[in-house]
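Undergrad: Mind looking over this structure? Questions follow.
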Amino acid sequence: GNSVTQMEGPVTLSEEAFLTINCTYTATGYPSLFWYVQYPGEGLQLLLKATKADDKGSNKGFEATYRKETTSFHLEKGSVQVSDSAVYFCALPTQGGSEKLVFGKGTKLTVNP
Amino acid sequence: GAVVSQHPSRVICKSGTSVKIECRSLDFQATTMFWYRQFPKQSLMLMATSNEGSKATYEQGVEKDKFLINHASLTLSTLTVTSAHPEDSSFYICSAISGGLGYTDTQYFGPGTRLTVL
């Protein structure tokens with residue numbers, strides 16, 4: 001089945017710093033790729049997704065580009081805020097046609113004022 | 001749109017009792033719901049897949065008699081932890097996929113339920 005490897009944290013940044021969280025995947029075909037965010041004490045929220053190669057998903061200033069050459073889907077934000085402090089999960093379907101997702105281990109981001 | 005709720009958000013129970021957690025899709029019909037378990041500082045572990053009108057499919061290693069799942073309608077799935085023990089204490093999260101025509105791969109998550117078994 002498909003798998004995902006995510007940069008381990010924790011990551012601590014100052015406000016307005018640039019953020020990159022690496023995510024690489026192994027998959028058969030070209031599945032959709034997702035980033036989910038989990039704020040403290042809450043469930044997961046879909047942050048962004050990309051459904052095909054070279055697609056760029058974006059939301060709330062975050063971006064990730066589906067790169068099939070490097071099998072990567074790195075999450076970036078140009079200027080983080082304290083409110084971005086959360087755990088970020090990269091995910092993709094377990095296999096082609098499956099509705100099940102496999103998640104990375106999560107990267108905890110802390111943004112200090 | 002695509003809001004999923006869970007109830008209760010927190011529950012504390014005594015060892016040996018059963019606890020029911022509800023997962024509802026508020027503004028869409030969910031033909032498929034998933035139940036996850038999350039341990040502190042860890043990723044999500046898929047427990048089971050719940051399909052409306054049929055038996056749930058459990059992942060390897062998950063006890064189906066302990067974690068009873070009922071997908072009663074297109075907007076409601078319940079997880080019952082039977083004879084709960086302290087090791088069942090965890091954060092339980094459900095997700096739902098919007099029903100309709102064709103395949104869809106985006107899951108929408110509930111806010112989670114914190115279960116503490118004393």
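If you're wondering about the labels, chains in the structure tokens are A, B, ... by order shown, residues count from 1 in each chain, ligands from 1 in order shown.
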Neighbours of range 1-7 of chain B within 10 Å (only C-alpha atoms; same-chain residues fewer than 3 positions away dropped), as JSON, numbers by chain?

TA: {"A": [43], "B": [10, 11, 20, 21, 22, 23, 24, 25, 26, 27, 28, 29, 30, 75, 76, 77, 78, 92, 93, 94, 95, 96, 97, 98, 107, 108, 109, 110, 111, 112, 113]}

Undergrad: Keeping only C-alpha atoms, write the selected residues to a file as a PDB file, in the first residue's frame.

TA:
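Written output follows (out_3.pdb):
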ATOM      1  CA  GLY A  43      -9.998  16.869  15.819  1.00  0.00           C
TER       2      GLY A  43
ATOM      3  CA  ARG B  10     -15.261  14.443  27.019  1.00  0.00           C
ATOM      4  CA  VAL B  11     -16.361  11.501  29.106  1.00  0.00           C
ATOM      5  CA  LYS B  20     -21.243   5.383  23.629  1.00  0.00           C
ATOM      6  CA  ILE B  21     -19.786   8.041  21.349  1.00  0.00           C
ATOM      7  CA  GLU B  22     -21.861   9.566  18.565  1.00  0.00           C
ATOM      8  CA  CYS B  23     -20.590  10.898  15.273  1.00  0.00           C
ATOM      9  CA  ARG B  24     -22.916  12.950  13.089  1.00  0.00           C
ATOM     10  CA  SER B  25     -22.556  14.565   9.705  1.00  0.00           C
ATOM     11  CA  LEU B  26     -24.521  17.787  10.055  1.00  0.00           C
ATOM     12  CA  ASP B  27     -24.947  19.045   6.531  1.00  0.00           C
ATOM     13  CA  PHE B  28     -24.296  16.086   4.288  1.00  0.00           C
ATOM     14  CA  GLN B  29     -25.033  12.399   3.990  1.00  0.00           C
ATOM     15  CA  ALA B  30     -22.148  10.157   4.894  1.00  0.00           C
ATOM     16  CA  THR B  75     -25.831  10.945   9.209  1.00  0.00           C
ATOM     17  CA  LEU B  76     -25.074   8.959  12.352  1.00  0.00           C
ATOM     18  CA  SER B  77     -22.499   6.408  13.430  1.00  0.00           C
ATOM     19  CA  THR B  78     -21.918   5.325  17.010  1.00  0.00           C
ATOM     20  CA  TYR B  92     -11.388   8.954  19.669  1.00  0.00           C
ATOM     21  CA  ILE B  93     -11.988  10.758  16.399  1.00  0.00           C
ATOM     22  CA  CYS B  94     -14.490  10.024  13.672  1.00  0.00           C
ATOM     23  CA  SER B  95     -14.483  11.166  10.090  1.00  0.00           C
ATOM     24  CA  ALA B  96     -16.987  11.036   7.278  1.00  0.00           C
ATOM     25  CA  ILE B  97     -16.973  10.955   3.548  1.00  0.00           C
ATOM     26  CA  SER B  98     -19.700  12.740   1.699  1.00  0.00           C
ATOM     27  CA  GLN B 107     -12.492  12.929   4.822  1.00  0.00           C
ATOM     28  CA  TYR B 108     -14.053  15.460   7.177  1.00  0.00           C
ATOM     29  CA  PHE B 109     -13.234  14.983  10.817  1.00  0.00           C
ATOM     30  CA  GLY B 110     -15.156  15.425  13.998  1.00  0.00           C
ATOM     31  CA  PRO B 111     -13.692  17.350  16.943  1.00  0.00           C
ATOM     32  CA  GLY B 112     -12.888  14.183  18.859  1.00  0.00           C
ATOM     33  CA  THR B 113     -13.966  12.628  22.157  1.00  0.00           C
TER      34      THR B 113
END

Undergrad: Can you tell me, as a list in words, what residues are no more than 7 Å from Pro31 in chain A when counting only C-alpha atoms, ignoring any on the same chain fewer than 6 positions away?

TA: Thr51, Leu92, Pro93 and Gly96 of chain A

Undergrad: Using only all heavy atoms, please write the residues we just selected to a file, as a short mmCIF file (atom, residue, chain, number, x, y, z; two decimals), in the first residue's frame.

TA:
data_model
loop_
_atom_site.label_atom_id
_atom_site.label_comp_id
_atom_site.auth_asym_id
_atom_site.auth_seq_id
_atom_site.Cartn_x
_atom_site.Cartn_y
_atom_site.Cartn_z
N THR A 51 -5.01 17.14 -6.12
CA THR A 51 -5.55 15.91 -6.70
C THR A 51 -4.72 15.34 -7.84
O THR A 51 -4.90 14.20 -8.23
CB THR A 51 -6.98 16.12 -7.18
OG1 THR A 51 -6.98 17.17 -8.15
CG2 THR A 51 -7.89 16.48 -6.03
N LEU A 92 -2.44 10.49 2.52
CA LEU A 92 -2.88 10.08 1.19
C LEU A 92 -3.66 8.78 1.31
O LEU A 92 -3.56 8.10 2.35
CB LEU A 92 -1.70 9.92 0.23
CG LEU A 92 -0.77 8.71 0.38
CD1 LEU A 92 0.04 8.54 -0.92
CD2 LEU A 92 0.15 8.88 1.54
N PRO A 93 -4.42 8.41 0.30
CA PRO A 93 -5.18 7.15 0.37
C PRO A 93 -4.24 5.96 0.52
O PRO A 93 -3.11 5.96 0.01
CB PRO A 93 -5.92 7.12 -0.96
CG PRO A 93 -6.04 8.56 -1.35
CD PRO A 93 -4.77 9.20 -0.88
N GLY A 96 -4.91 2.89 -4.37
CA GLY A 96 -5.77 3.44 -5.40
C GLY A 96 -7.21 3.02 -5.22
O GLY A 96 -7.49 1.85 -5.01
#

Undergrad: With the cut-off set at 7 Å and counting only C-alpha atoms, tabulate each residue of chain A with an atom at most that distance from an atom of chain B, showing the nearest atom pair and its distance in Å to one decimal, ordered by chain and increasing number, as CSV.

TA:
residue,atom,partner,partner_atom,distance
A:Glu42,CA,B:Pro111,CA,5.0
A:Gly43,CA,B:Pro111,CA,3.9
A:Leu44,CA,B:Phe109,CA,5.6
A:Gln45,CA,B:Phe109,CA,6.3
A:Leu46,CA,B:Tyr108,CA,6.9
A:Glu99,CA,B:Asp105,CA,5.4
A:Phe103,CA,B:Ser43,CA,6.9
A:Gly104,CA,B:Ser43,CA,6.9
A:Lys105,CA,B:Ser43,CA,4.9
A:Gly106,CA,B:Ser43,CA,6.1

Undergrad: Determine the nearest neighbour of Gln81 in chain A from the options A:Glu63, A:Glu16, A:Glu69, A:Asp55, counting only C-alpha atoms.

TA: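 Looking only at the distances to Gln81 in chain A, the closest residue turns out to be A:Glu16.
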
Undergrad: Where does DSSP see strand (DSSP E or B) in range 16-94 of chain A, if you list the residues as number ranges by chain?

TA: A: 19-21, 23-26, 33-38, 44-50, 56-59, 62-65, 67, 72, 75-77, 86-93

Undergrad: With only C-alpha atoms as the basis for distance, which of A:Val102, A:Leu19, A:Ala64, A:Met7 is at the shortest distance from Leu47 in chain A?

TA: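 Of A:Val102, A:Leu19, A:Ala64, A:Met7, the one nearest Leu47 in chain A, counting only C-alpha atoms, is A:Ala64.
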
Undergrad: I need the residue nearest Phe34 in chain A from this list: A:Pro113, A:Phe89, A:Gly1, A:Ile21. Use only C-alpha atoms for the distance.

TA: A:Phe89

Undergrad: Here is a test: counting only C-alpha atoms, which residue of B:Phe67, B:Thr31, B:Met47, B:Tyr58 is nearest to Ala84 in chain B?

TA: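 Among the listed residues, B:Phe67 lies closest to Ala84 in chain B.
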
Undergrad: Using only C-alpha atoms, which protein or nucleic acid residues come within 6 Å of range 52-55 of chain B? Drop anything in the same chain fewer than 4 positions from it, and give the result as JSON, numbers by chain.

TA: {"B": [31, 71, 73, 74]}

Undergrad: Determine the nearest neighbour of Ala53 in chain A from the options A:Ser32, A:Asn112, A:Gly41, A:Leu13, counting only C-alpha atoms.

TA: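 The closest residue to Ala53 in chain A is A:Ser32.
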
Undergrad: List as a PyMOL selection string the protein and nucleic acid residues near Phe62 in chain A, meaning an atom at most 9 Å away when only C-alpha atoms are counted, but skip any in the same chain fewer than 6 places from it.

TA: chain A and resi 47-48+75-78

Undergrad: When distances are computed from only C-alpha atoms, which of A:Cys90, A:Ser85, A:Gln95, A:Thr26 shows the smallest separation from Val11 in chain A?

TA: A:Ser85

Undergrad: Find the residues near Ser72 in chain A: any atom within 8 Å, counting only C-alpha atoms, skip ones fewer than 3 places away on the same chain, and give them as a PyMOL selection string.

TA: chain A and resi 22-25+65-69
